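Raw contents of start_11.cif, mmCIF, C-alpha atoms:
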```
data_my_file
#
loop_
_atom_site.label_atom_id
_atom_site.label_comp_id
_atom_site.auth_asym_id
_atom_site.auth_seq_id
_atom_site.Cartn_x
_atom_site.Cartn_y
_atom_site.Cartn_z
CA MET I 49 20.56 -14.76 1.24
CA VAL I 50 17.52 -15.35 3.45
CA ILE I 51 17.75 -13.80 6.91
CA LYS I 52 17.08 -16.48 9.53
CA GLY I 53 17.01 -16.69 13.29
CA ARG I 54 16.84 -12.95 13.91
CA ASP I 55 14.57 -10.99 16.23
CA ILE I 56 12.60 -8.33 14.34
CA VAL I 57 10.46 -5.52 15.75
CA VAL I 58 7.91 -4.15 13.28
CA VAL I 59 6.30 -0.73 13.83
CA GLY I 60 4.04 1.15 11.47
CA LEU I 61 0.79 2.92 10.76
CA GLN I 62 -1.61 0.00 11.03
CA ALA I 63 -2.61 -2.19 13.95
CA TRP I 64 -2.46 -5.95 13.48
CA ASP I 65 -6.13 -6.36 14.47
CA ASN I 66 -7.29 -3.98 11.72
CA ASP I 67 -9.20 -6.04 9.14
CA ILE I 68 -7.80 -4.04 6.23
CA GLY I 69 -4.76 -5.63 4.64
CA SER I 70 -1.47 -3.77 4.51
CA ASN I 71 2.08 -4.12 3.26
CA CYS I 72 3.34 -4.00 6.83
CA LYS I 73 1.28 -6.99 7.97
CA ASN I 74 2.20 -9.05 4.91
CA ILE I 75 5.90 -8.28 5.32
CA ALA I 76 5.80 -9.12 9.03
CA ALA I 77 4.14 -12.45 8.28
CA GLU I 78 6.84 -13.20 5.71
CA PHE I 79 9.60 -12.25 8.20
CA ALA I 80 8.06 -14.66 10.71
CA LYS I 81 8.60 -17.67 8.47
CA ASP I 82 12.29 -17.69 9.48
CA ASN I 83 12.57 -15.16 12.32
CA ARG I 84 10.88 -14.14 15.56
CA VAL I 85 8.72 -11.04 15.05
CA LEU I 86 7.17 -8.56 17.46
CA TYR I 87 4.46 -6.62 15.61
CA VAL I 88 3.79 -3.38 17.51
CA ASN I 89 0.47 -1.59 17.17
CA TYR I 90 0.67 2.20 17.22
CA PRO I 91 0.01 3.84 20.62
CA LEU I 92 -3.21 5.72 21.25
CA ASP I 93 -3.04 9.51 21.30
CA ARG I 94 -5.41 11.85 23.08
CA ILE I 95 -7.17 13.22 19.99
CA THR I 96 -7.88 9.70 18.72
CA ILE I 97 -9.37 8.77 22.09
CA LYS I 98 -11.57 11.86 22.12
CA ARG I 99 -12.68 11.40 18.51
CA ASP I 100 -13.08 7.61 18.35
CA LYS I 101 -13.63 6.47 21.94
CA ALA I 102 -16.93 4.79 21.01
CA LYS I 103 -15.31 2.71 18.26
CA VAL I 104 -14.54 -0.91 19.05
CA PRO I 105 -10.75 -0.83 18.40
CA VAL I 106 -10.29 2.19 20.71
CA GLU I 107 -12.59 0.72 23.37
CA LYS I 108 -10.50 -2.46 23.25
CA ARG I 109 -7.26 -0.55 23.67
CA LEU I 110 -8.61 1.55 26.55
CA ASP I 111 -9.85 -1.59 28.30
CA LEU I 112 -6.34 -3.08 28.08
CA ILE I 113 -4.80 0.10 29.47
CA ASN I 114 -7.34 0.70 32.27
CA HIS I 115 -7.49 -2.86 33.51
CA LYS I 116 -3.83 -3.72 32.97
CA LYS I 117 -4.76 -6.74 30.88
CA ASN I 118 -2.19 -8.78 29.00
CA ASN I 119 -1.16 -6.61 26.09
CA LEU I 120 1.27 -9.06 24.48
CA VAL I 121 -0.62 -11.55 22.34
CA LYS I 122 0.93 -14.58 20.65
CA ILE I 123 -0.14 -14.85 17.01
CA ASN I 124 1.84 -17.98 16.15
CA ASP I 125 5.05 -19.72 17.20
CA ASN I 126 7.20 -16.94 15.70
CA MET I 127 5.04 -13.84 16.05
CA TRP I 128 3.62 -11.69 18.84
CA ASN I 129 1.40 -8.59 18.75
CA LEU I 130 1.98 -5.78 21.23
CA PHE I 131 -0.81 -3.38 22.25
CA PRO I 132 1.12 -0.52 23.90
CA ASN I 133 -0.37 0.22 27.33
CA CYS I 134 0.19 3.94 27.05
CA ILE I 135 -1.34 7.17 25.82
CA ILE I 136 0.74 9.74 24.00
CA GLU I 137 0.15 13.40 23.25
CA SER I 138 -1.30 14.54 19.92
CA VAL I 139 1.35 16.74 18.35
CA ASN I 140 0.53 17.27 14.70
CA TRP I 141 -1.43 20.45 15.43
CA LEU I 142 1.73 22.11 16.76
CA PRO I 143 3.93 24.20 14.45
CA PHE I 144 7.31 22.72 13.58
CA THR I 145 9.23 24.21 16.51
CA PHE I 146 11.36 23.13 19.45
CA LEU I 147 8.14 22.39 21.35
CA PHE I 148 6.98 19.93 18.68
CA ARG I 149 10.33 18.15 18.73
CA PHE I 150 10.37 18.07 22.54
CA ILE I 151 6.89 16.54 22.91
CA ASN I 152 7.41 14.17 19.98
CA LYS I 153 10.60 12.87 21.60
CA LYS I 154 8.73 12.42 24.88
CA ASN I 155 6.10 10.41 22.99
CA ASN I 156 8.85 8.29 21.46
CA LYS I 157 10.29 7.54 24.91
CA ILE I 158 6.89 6.41 26.21
CA PHE I 159 6.38 4.24 23.13
CA ALA I 160 9.90 2.81 23.27
CA SER I 161 9.47 1.90 26.96
CA GLU I 162 6.51 -0.31 26.06
CA ILE I 163 8.48 -1.99 23.28
CA LEU I 164 11.50 -2.57 25.54
CA THR I 165 9.31 -4.25 28.15
CA ALA I 166 7.97 -6.64 25.50
CA ILE I 167 11.46 -7.29 24.14
CA GLU I 168 12.64 -8.27 27.61
CA LYS I 169 9.67 -10.63 28.10
CA LEU I 170 10.39 -12.32 24.78
CA HIS I 171 14.19 -12.33 25.33
CA PHE I 172 14.79 -10.67 21.97
CA LYS I 173 18.46 -9.90 21.21
CA ASP I 174 20.30 -7.84 18.57
CA ILE I 175 16.99 -6.70 17.13
CA ILE I 176 16.19 -5.42 13.68
CA VAL I 177 13.66 -2.56 13.68
CA PHE I 178 11.46 -2.38 10.59
CA ASN I 179 9.57 0.91 10.45
CA ASP I 180 6.68 1.16 7.99
CA SER I 181 6.46 4.93 7.42
CA ASP I 182 5.86 5.84 11.09
CA MET I 183 7.91 9.01 10.89
CA PHE I 184 6.60 10.70 14.07
CA ARG I 185 6.04 8.15 16.85
CA SER I 186 9.03 6.04 15.79
CA PHE I 187 11.43 8.84 14.85
CA HIS I 188 13.76 8.20 17.82
CA LEU I 189 13.53 4.40 18.06
CA LYS I 190 17.02 3.90 16.68
CA GLU I 191 18.51 5.78 19.64
CA LEU I 192 16.04 4.45 22.22
CA LEU I 193 15.94 0.76 21.27
CA LYS I 194 19.55 0.57 20.06
CA PRO I 195 18.85 -2.04 17.39
CA ALA I 196 21.52 -3.85 15.43
CA LEU I 197 19.82 -2.56 12.28
CA CYS I 198 17.15 0.05 11.59
CA ILE I 199 15.12 -0.14 8.35
CA TYR I 200 12.78 2.58 7.15
CA TYR I 201 10.14 1.42 4.65
CA THR I 202 8.48 3.93 2.33
CA ARG I 203 5.47 2.66 0.37
CA ASP I 204 3.34 5.69 -0.45
CA ASN I 205 4.05 9.27 -1.37
CA MET I 206 3.08 10.44 2.11
CA MET I 207 4.08 14.02 1.36
CA SER I 208 1.09 14.35 -0.95
CA VAL I 209 -1.15 14.25 2.15
CA ASP I 210 -1.38 17.49 4.15
CA TYR I 211 -1.35 15.69 7.51
CA TRP I 212 2.03 14.07 6.83
CA TYR I 213 3.50 16.98 4.87
CA LYS I 214 3.14 19.45 7.74
CA HIS I 215 5.98 17.89 9.77
CA GLY I 216 6.98 14.99 7.55
CA ARG I 217 8.69 17.18 4.99
CA LYS I 218 11.36 17.77 7.67
CA LEU I 219 11.19 14.58 9.73
CA GLU I 220 11.05 11.93 7.01
CA PRO I 221 14.29 12.97 5.28
CA GLU I 222 16.00 13.08 8.69
CA LEU I 223 14.67 9.63 9.56
CA MET I 224 15.75 8.22 6.21
CA ALA I 225 19.23 9.69 6.65
CA LYS I 226 19.83 8.13 10.07
CA SER I 227 18.35 4.73 9.19
CA ASP I 228 20.78 1.98 8.21
CA VAL I 229 18.65 0.99 5.22
CA VAL I 230 15.70 2.52 3.37
CA CYS I 231 13.44 0.22 1.35
CA ALA I 232 10.81 1.44 -1.13
CA ASN I 233 8.04 -0.36 -2.98
CA SER I 234 8.24 1.89 -6.04
CA THR I 235 11.12 3.13 -8.17
CA TYR I 236 9.91 6.71 -7.73
CA LEU I 237 10.10 6.51 -3.94
CA SER I 238 13.47 4.76 -4.01
CA GLU I 239 14.87 7.67 -6.06
CA ILE I 240 13.61 10.15 -3.47
CA ALA I 241 15.07 8.04 -0.66
CA LYS I 242 18.50 7.95 -2.32
CA GLU I 243 18.66 11.72 -2.04
CA HIS I 244 18.82 11.26 1.74
CA ASN I 245 20.46 7.84 2.18
CA PRO I 246 22.70 6.04 -0.33
CA ASN I 247 21.65 2.71 1.19
CA SER I 248 18.18 2.98 -0.36
CA PHE I 249 16.72 0.12 -2.38
CA TYR I 250 13.72 -0.64 -4.54
CA VAL I 251 12.28 -3.88 -3.14
CA GLY I 252 9.17 -4.25 -5.24
CA GLN I 253 5.62 -4.84 -4.13
CA GLY I 254 4.12 -8.06 -2.93
CA CYS I 255 0.60 -8.95 -4.01
CA ASP I 256 -1.67 -11.91 -3.41
CA VAL I 257 -3.20 -12.48 -6.83
CA SER I 258 -4.25 -16.08 -6.21
CA ALA I 259 -7.94 -15.15 -6.50
CA PHE I 260 -7.35 -13.56 -9.91
CA ASN I 261 -7.16 -16.76 -11.91
CA ILE I 262 -9.04 -16.83 -15.21
CA SER I 263 -9.34 -20.62 -15.13
CA LYS I 264 -11.44 -20.43 -11.94
CA ILE I 265 -14.17 -18.24 -13.46
CA SER I 266 -17.24 -20.29 -14.27
CA SER I 267 -20.10 -17.81 -14.62
CA ILE I 268 -20.86 -14.28 -15.81
CA PRO I 269 -22.27 -11.82 -13.25
CA ASP I 270 -25.83 -10.84 -14.14
CA ASP I 271 -25.16 -7.09 -14.35
CA ILE I 272 -22.37 -7.43 -16.92
CA LYS I 273 -23.58 -10.31 -19.07
CA ASN I 274 -25.74 -8.14 -21.33
CA ILE I 275 -23.22 -5.33 -21.80
CA THR I 276 -21.96 -5.35 -25.37
CA SER I 277 -18.34 -6.02 -26.22
CA PRO I 278 -15.68 -4.70 -26.40
CA ILE I 279 -15.71 -3.87 -22.68
CA VAL I 280 -13.14 -1.35 -21.45
CA GLY I 281 -13.18 -1.56 -17.68
CA TYR I 282 -11.82 -0.12 -14.45
CA ILE I 283 -12.00 -1.62 -10.95
CA GLY I 284 -11.26 0.50 -7.90
CA ALA I 285 -12.31 3.61 -6.02
CA LEU I 286 -13.81 6.18 -8.37
CA PHE I 287 -12.26 9.24 -6.75
CA SER I 288 -11.61 12.44 -8.69
CA LEU I 289 -8.36 13.06 -6.77
CA ARG I 290 -6.85 10.06 -8.53
CA LEU I 291 -8.83 9.44 -11.72
CA ASP I 292 -9.27 11.59 -14.81
CA ILE I 293 -13.02 12.11 -15.32
CA GLU I 294 -12.49 14.21 -18.47
CA LEU I 295 -10.44 11.38 -19.98
CA LEU I 296 -13.22 8.87 -19.35
CA GLU I 297 -15.78 11.25 -20.82
CA MET I 298 -13.60 11.73 -23.90
CA ILE I 299 -13.16 7.97 -24.44
CA ALA I 300 -16.89 7.35 -24.08
CA THR I 301 -17.74 10.19 -26.47
CA LYS I 302 -15.26 9.37 -29.21
CA ARG I 303 -15.77 5.61 -29.09
CA PRO I 304 -19.50 4.99 -28.57
CA ASP I 305 -18.91 1.43 -29.86
CA TRP I 306 -16.91 0.64 -26.69
CA SER I 307 -18.67 -0.16 -23.43
CA ILE I 308 -17.03 1.60 -20.47
CA VAL I 309 -17.57 -0.39 -17.26
CA LEU I 310 -16.67 1.23 -13.93
CA ILE I 311 -16.72 -0.83 -10.73
CA GLY I 312 -16.22 0.76 -7.32
CA PRO I 313 -17.52 3.43 -4.93
CA GLU I 314 -17.91 6.97 -6.30
CA ASP I 315 -17.11 10.35 -4.81
CA ASP I 316 -19.37 13.36 -5.41
CA ALA I 317 -17.47 14.48 -8.51
CA PHE I 318 -18.06 11.14 -10.21
CA LYS I 319 -21.72 11.07 -9.13
CA LYS I 320 -22.25 14.50 -10.71
CA SER I 321 -20.20 13.83 -13.87
CA LYS I 322 -21.51 13.60 -17.42
CA LEU I 323 -20.55 9.94 -17.41
CA HIS I 324 -23.86 9.05 -15.79
CA GLY I 325 -25.75 10.36 -18.81
CA MET I 326 -23.76 8.43 -21.39
CA GLY I 327 -25.38 5.33 -22.83
CA ASN I 328 -22.17 3.36 -23.21
CA VAL I 329 -20.94 4.00 -19.64
CA HIS I 330 -22.00 1.48 -17.01
CA PHE I 331 -21.53 2.05 -13.27
CA LEU I 332 -21.83 -1.33 -11.55
CA GLY I 333 -21.16 -0.12 -8.01
CA LEU I 334 -19.10 -1.57 -5.19
CA LYS I 335 -18.37 -5.30 -5.30
CA THR I 336 -16.79 -7.58 -2.73
CA GLY I 337 -13.22 -8.75 -3.21
CA ASP I 338 -14.47 -12.25 -3.98
CA GLU I 339 -16.69 -10.93 -6.77
CA LEU I 340 -14.10 -8.83 -8.59
CA PRO I 341 -12.28 -11.57 -10.56
CA ALA I 342 -15.53 -12.65 -12.25
CA TYR I 343 -16.12 -9.10 -13.50
CA LEU I 344 -12.52 -8.60 -14.58
CA ALA I 345 -12.70 -11.84 -16.55
CA TYR I 346 -15.15 -10.24 -18.97
CA PHE I 347 -13.17 -7.07 -19.64
CA ASP I 348 -11.60 -6.95 -23.07
CA VAL I 349 -9.22 -4.19 -21.93
CA ALA I 350 -8.55 -3.02 -18.37
CA ILE I 351 -7.58 0.59 -17.74
CA ASN I 352 -6.10 2.74 -14.98
CA PRO I 353 -6.96 6.30 -16.08
CA GLN I 354 -5.02 8.11 -13.38
CA LEU I 355 -4.43 11.80 -13.15
CA LEU I 356 -0.76 12.62 -12.87
CA ASN I 357 -0.29 14.36 -9.53
CA GLU I 358 1.59 14.08 -6.23
CA THR I 359 -0.88 11.51 -4.94
CA THR I 360 -0.52 9.11 -7.88
CA ILE I 361 2.97 9.64 -9.27
CA GLY I 362 4.88 7.43 -6.86
CA ASN I 363 2.35 4.94 -5.54
CA TYR I 364 2.57 1.32 -6.62
CA PRO I 365 -0.65 0.42 -8.49
CA ARG I 366 -1.64 -3.00 -7.10
CA LYS I 367 -4.63 -3.15 -9.42
CA ILE I 368 -2.25 -3.52 -12.38
CA ASP I 369 -0.99 -6.81 -10.95
CA GLU I 370 -4.60 -7.96 -10.56
CA TYR I 371 -5.39 -7.01 -14.15
CA LEU I 372 -2.31 -8.78 -15.46
CA ALA I 373 -2.85 -11.86 -13.28
CA MET I 374 -6.06 -12.39 -15.27
CA GLY I 375 -4.10 -11.97 -18.50
CA LYS I 376 -5.87 -8.74 -19.36
CA ALA I 377 -4.54 -6.26 -21.88
CA THR I 378 -4.00 -3.13 -19.80
CA VAL I 379 -3.75 0.56 -20.64
CA ALA I 380 -2.58 2.94 -17.91
CA THR I 381 -1.27 6.45 -17.43
CA GLU I 382 2.51 6.53 -17.64
CA THR I 383 4.14 7.31 -14.27
CA LYS I 384 7.54 6.53 -12.79
CA ALA I 385 5.95 3.83 -10.65
CA MET I 386 4.58 2.20 -13.82
CA SER I 387 8.06 1.86 -15.33
CA ILE I 388 8.41 -1.74 -14.18
CA PHE I 389 5.28 -2.66 -16.16
CA THR I 390 6.55 -1.25 -19.48
CA ASP I 391 6.87 -4.64 -21.22
CA PHE I 392 3.44 -5.86 -20.18
CA THR I 393 1.15 -2.82 -20.39
CA TYR I 394 0.36 0.02 -22.77
CA LEU I 395 1.38 3.32 -21.17
CA ALA I 396 -0.36 6.54 -22.20
CA LYS I 397 1.15 10.01 -21.92
CA THR I 398 -1.88 11.92 -23.24
CA LYS I 399 -5.65 11.53 -23.35
CA GLU I 400 -5.46 10.83 -27.07
CA ASP I 401 -2.96 8.04 -26.40
CA TYR I 402 -5.69 6.17 -24.56
CA LEU I 403 -7.81 5.94 -27.71
CA THR I 404 -4.90 4.66 -29.79
CA LEU I 405 -3.59 2.27 -27.16
CA ILE I 406 -6.93 0.74 -26.23
CA GLN I 407 -7.50 -0.06 -29.90
CA ARG I 408 -3.99 -1.49 -30.17
CA ALA I 409 -4.58 -3.58 -27.04
CA LEU I 410 -7.74 -5.00 -28.61
CA ASP I 411 -6.01 -5.71 -31.92
CA GLU I 412 -2.83 -7.28 -30.53
CA ASP I 413 -4.26 -9.46 -27.76
CA ASN I 414 -3.37 -13.14 -28.03
CA ASP I 415 -2.65 -16.20 -25.88
CA GLU I 416 1.11 -15.58 -25.84
CA LYS I 417 0.69 -12.05 -24.48
CA ARG I 418 -1.94 -13.16 -21.97
CA ASN I 419 0.30 -15.92 -20.60
CA ALA I 420 3.28 -13.54 -20.33
CA ARG I 421 1.19 -11.07 -18.34
CA ILE I 422 0.01 -13.77 -15.96
CA GLU I 423 3.53 -15.05 -15.36
CA PHE I 424 4.83 -11.53 -14.70
CA ALA I 425 2.06 -10.65 -12.24
CA ARG I 426 2.54 -13.87 -10.30
CA SER I 427 6.21 -13.03 -9.79
CA HIS I 428 5.18 -10.09 -7.56
CA THR I 429 4.88 -12.13 -4.37
CA TRP I 430 5.53 -11.11 -0.78
CA GLU I 431 8.22 -13.76 -0.69
CA ASN I 432 10.08 -12.06 -3.53
CA SER I 433 9.62 -8.57 -2.06
CA VAL I 434 10.96 -9.65 1.34
CA ALA I 435 13.83 -11.43 -0.41
CA GLU I 436 14.81 -7.99 -1.77
CA ILE I 437 14.65 -6.56 1.76
CA TYR I 438 16.98 -9.34 2.87
CA LYS I 439 19.36 -8.42 0.04
CA ALA I 440 19.42 -4.85 1.34
CA ILE I 441 20.19 -6.07 4.86
CA ASN I 442 22.99 -8.27 3.57
CA PHE I 443 24.37 -5.37 1.53
CA VAL I 444 24.96 -3.24 4.63
CA GLY I 445 26.26 -6.30 6.46
CA LYS I 446 24.38 -5.99 9.78
#
```

Translate the structure of the given file into structure tokens.
Amino acid sequence: MVIKGRDIVVVGLQAWDNDIGSNCKNIAAEFAKDNRVLYVNYPLDRITIKRDKAKVPVEKRLDLINHKKNNLVKINDNMWNLFPNCIIESVNWLPFTFLFRFINKKNNKIFASEILTAIEKLHFKDIIVFNDSDMFRSFHLKELLKPALCIYYTRDNMMSVDYWYKHGRKLEPELMAKSDVVCANSTYLSEIAKEHNPNSFYVGQGCDVSAFNISKISSIPDDIKNITSPIVGYIGALFSLRLDIELLEMIATKRPDWSIVLIGPEDDAFKKSKLHGMGNVHFLGLKTGDELPAYLAYFDVAINPQLLNETTIGNYPRKIDEYLAMGKATVATETKAMSIFTDFTYLAKTKEDYLTLIQRALDEDNDEKRNARIEFARSHTWENSVAEIYKAINFVGK
């Protein structure tokens, strides 16, 4: 059942005026189709001010605070964006002690006061708080805002990042436990959440794959048109923390008849790898989002050669939806998060599996499989993901 006519406060790790897309912004926009939404930017902390004071977003926030300008901006008829007119203390450098908890709670009170002021201006009642992984600044919002319902949303394996692990390994489980509902965008993360809160639900991942439409591709990019087929390609950041360089080297070595095309920015490990000396490996560099579908259209097989580690194991791989939306046969490393793609991708457990499965993907590809992949990818909409969040809300009956 769709939730309608409610007042929803959304907090998280990304400001609305940040140009980079995020789950939180997409979910908030979907909420606002049938509800009133207050999207709250995170408050500035002292270290951020000291480090980034010359950057435009921080300058903008400081100008609002110093000159007491209107910090509540109407986005549309159902949505407002709050720029908290406050500065909080930086606490992550502290050890996990009473002092950390004391100052963090003080920060929460300052933050909550700003939100309460906006709620009063907008005449919000019986609010729902939706918290996108803000486990520090929003830890006490359930007690301070007294919402009718408090939802914690987990979308990345934050504990694989040292910054979040330092205090998050204690705070996030506590926050999950006291929330009314926990929603996760991957099956792996929902399993972790259930260890702390039985009202934890897998709600899927929304993606906008409208640009990835094979029927809209009319020309071949110049830097791929002369690369010989079959093309086995990857699109995304070429970072050694996530991708298996040795696997790519092995594929290129054992199958010199395949062209390996890699599109995206490289870290130092990739720049120094043997891949750059291999004749059948082609680095095409960073492309704009608008350019990517035209390149993907000319892949024969798309791959996601992930390493299996704490960073990759639980994160939802959006690129798989993009691959499938173009109907591409896809081979990827098997992870728990990839379990929902089992019927539409080839999942490899070993390096050798990649050789076998890429060949199978080439041999088995046909119109029926391509159409099934496209239909599946297009089912992963924000509307469907938020519908699952609404099911979770209805389940707890608040």

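Across the model, the gap from atom CA of Lys218 of chain I to atom CA of Tyr87 of chain I is 26.6 Å.
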
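The protein and nucleic acid residues lying at most 10 Å from Asp65 of chain I are Gly69, Lys73, Asn89, Pro105, Asn129 and Phe131 of chain I, with only C-alpha atoms considered and sequence neighbours fewer than 4 positions away removed.
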
Practice task
Translate the PyMOL selection byres ((chain I and resi 190-204) around 8), as applied to the file shown, into an explicit residue set as a ChimeraX atom specification.
Solution key: /I:157,160,164,174-181,187-189,205-206,223-224,227-234,237,362-364,446

Exercise for the section: Could you list the residues chosen by the PyMOL selection byres ((chain I and resi 373) around 12) in this structure as JSON, numbers by chain? Expected result: {"I": [255, 256, 257, 258, 259, 260, 261, 262, 263, 341, 344, 345, 350, 366, 367, 368, 369, 370, 371, 372, 374, 375, 376, 377, 378, 392, 417, 418, 419, 420, 421, 422, 423, 424, 425, 426, 427, 428, 429]}

Problem - Ser307 of chain I surroundings by all atoms listed in the file, 12 Å radius, close-in-sequence under 6 positions cut, as a list in words - result: Ile272, Asn274, Ile275, Thr276, Ser277, Pro278, Ile279, Val280, Gly281, Tyr282, Leu296, Ile299, Ala300, Thr301, Leu323, Met326, Gly327, Asn328, Val329, His330, Phe331, Tyr346, Phe347, Asp348, Val349 and Ala350 of chain I

Handout entry: Close residues, Ile293 of chain I itself excluded, 12 Å, all atoms listed in the file, min 3 positions apart in chain, as a ChimeraX atom specification
Key = /I:286-290,296-300,310,314-324,352-355,399

Expected file contents, prior selection, C-alpha atoms, as a PDB file, keeping the file's coordinate frame:
```
ATOM      1  CA  LEU I 286     -13.810   6.180  -8.370  1.00  0.00           C
ATOM      2  CA  PHE I 287     -12.260   9.240  -6.750  1.00  0.00           C
ATOM      3  CA  SER I 288     -11.610  12.440  -8.690  1.00  0.00           C
ATOM      4  CA  LEU I 289      -8.360  13.060  -6.770  1.00  0.00           C
ATOM      5  CA  ARG I 290      -6.850  10.060  -8.530  1.00  0.00           C
ATOM      6  CA  LEU I 296     -13.220   8.870 -19.350  1.00  0.00           C
ATOM      7  CA  GLU I 297     -15.780  11.250 -20.820  1.00  0.00           C
ATOM      8  CA  MET I 298     -13.600  11.730 -23.900  1.00  0.00           C
ATOM      9  CA  ILE I 299     -13.160   7.970 -24.440  1.00  0.00           C
ATOM     10  CA  ALA I 300     -16.890   7.350 -24.080  1.00  0.00           C
ATOM     11  CA  LEU I 310     -16.670   1.230 -13.930  1.00  0.00           C
ATOM     12  CA  GLU I 314     -17.910   6.970  -6.300  1.00  0.00           C
ATOM     13  CA  ASP I 315     -17.110  10.350  -4.810  1.00  0.00           C
ATOM     14  CA  ASP I 316     -19.370  13.360  -5.410  1.00  0.00           C
ATOM     15  CA  ALA I 317     -17.470  14.480  -8.510  1.00  0.00           C
ATOM     16  CA  PHE I 318     -18.060  11.140 -10.210  1.00  0.00           C
ATOM     17  CA  LYS I 319     -21.720  11.070  -9.130  1.00  0.00           C
ATOM     18  CA  LYS I 320     -22.250  14.500 -10.710  1.00  0.00           C
ATOM     19  CA  SER I 321     -20.200  13.830 -13.870  1.00  0.00           C
ATOM     20  CA  LYS I 322     -21.510  13.600 -17.420  1.00  0.00           C
ATOM     21  CA  LEU I 323     -20.550   9.940 -17.410  1.00  0.00           C
ATOM     22  CA  HIS I 324     -23.860   9.050 -15.790  1.00  0.00           C
ATOM     23  CA  ASN I 352      -6.100   2.740 -14.980  1.00  0.00           C
ATOM     24  CA  PRO I 353      -6.960   6.300 -16.080  1.00  0.00           C
ATOM     25  CA  GLN I 354      -5.020   8.110 -13.380  1.00  0.00           C
ATOM     26  CA  LEU I 355      -4.430  11.800 -13.150  1.00  0.00           C
ATOM     27  CA  LYS I 399      -5.650  11.530 -23.350  1.00  0.00           C
TER      28      LYS I 399
END
```

Output of the PyMOL selection byres ((chain I and resi 61) around 6), listed as a PDB file with C-alpha atoms, keeping the file's coordinate frame:
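As a result, selection_27.pdb now contains:
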```pdb
ATOM      1  CA  GLY I  60       4.040   1.150  11.470  1.00  0.00           C
ATOM      2  CA  GLN I  62      -1.610   0.000  11.030  1.00  0.00           C
ATOM      3  CA  ASP I 182       5.860   5.840  11.090  1.00  0.00           C
TER       4      ASP I 182
END
```

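With distances restricted to only C-alpha atoms, I:Trp430 is the closest residue to Ala77 of chain I from I:Tyr394, I:Trp430, I:Phe148, I:Phe443.
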
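You will find atom CA of Lys397 of chain I at 16.6 Å from atom CA of Pro365 of chain I.
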
Exercise for the section: Quick one: pull the distance between atom CA of Thr390 of chain I and atom CA of Asn432 of chain I, Å, one decimal. Expected result: 19.6 Å

Handout entry: Residue neighbourhood segment 132-145 of chain I, 7 Å, all atoms listed in the file, exclusion window fewer than 4 positions, as JSON, numbers by chain
Key = {"I": [89, 91, 92, 93, 94, 95, 112, 113, 119, 149, 152, 155, 162, 215]}

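Closest approach to Glu358 of chain I among I:Phe389, I:Tyr236, I:Tyr90, I:Phe79: I:Tyr236, based on only C-alpha atoms.
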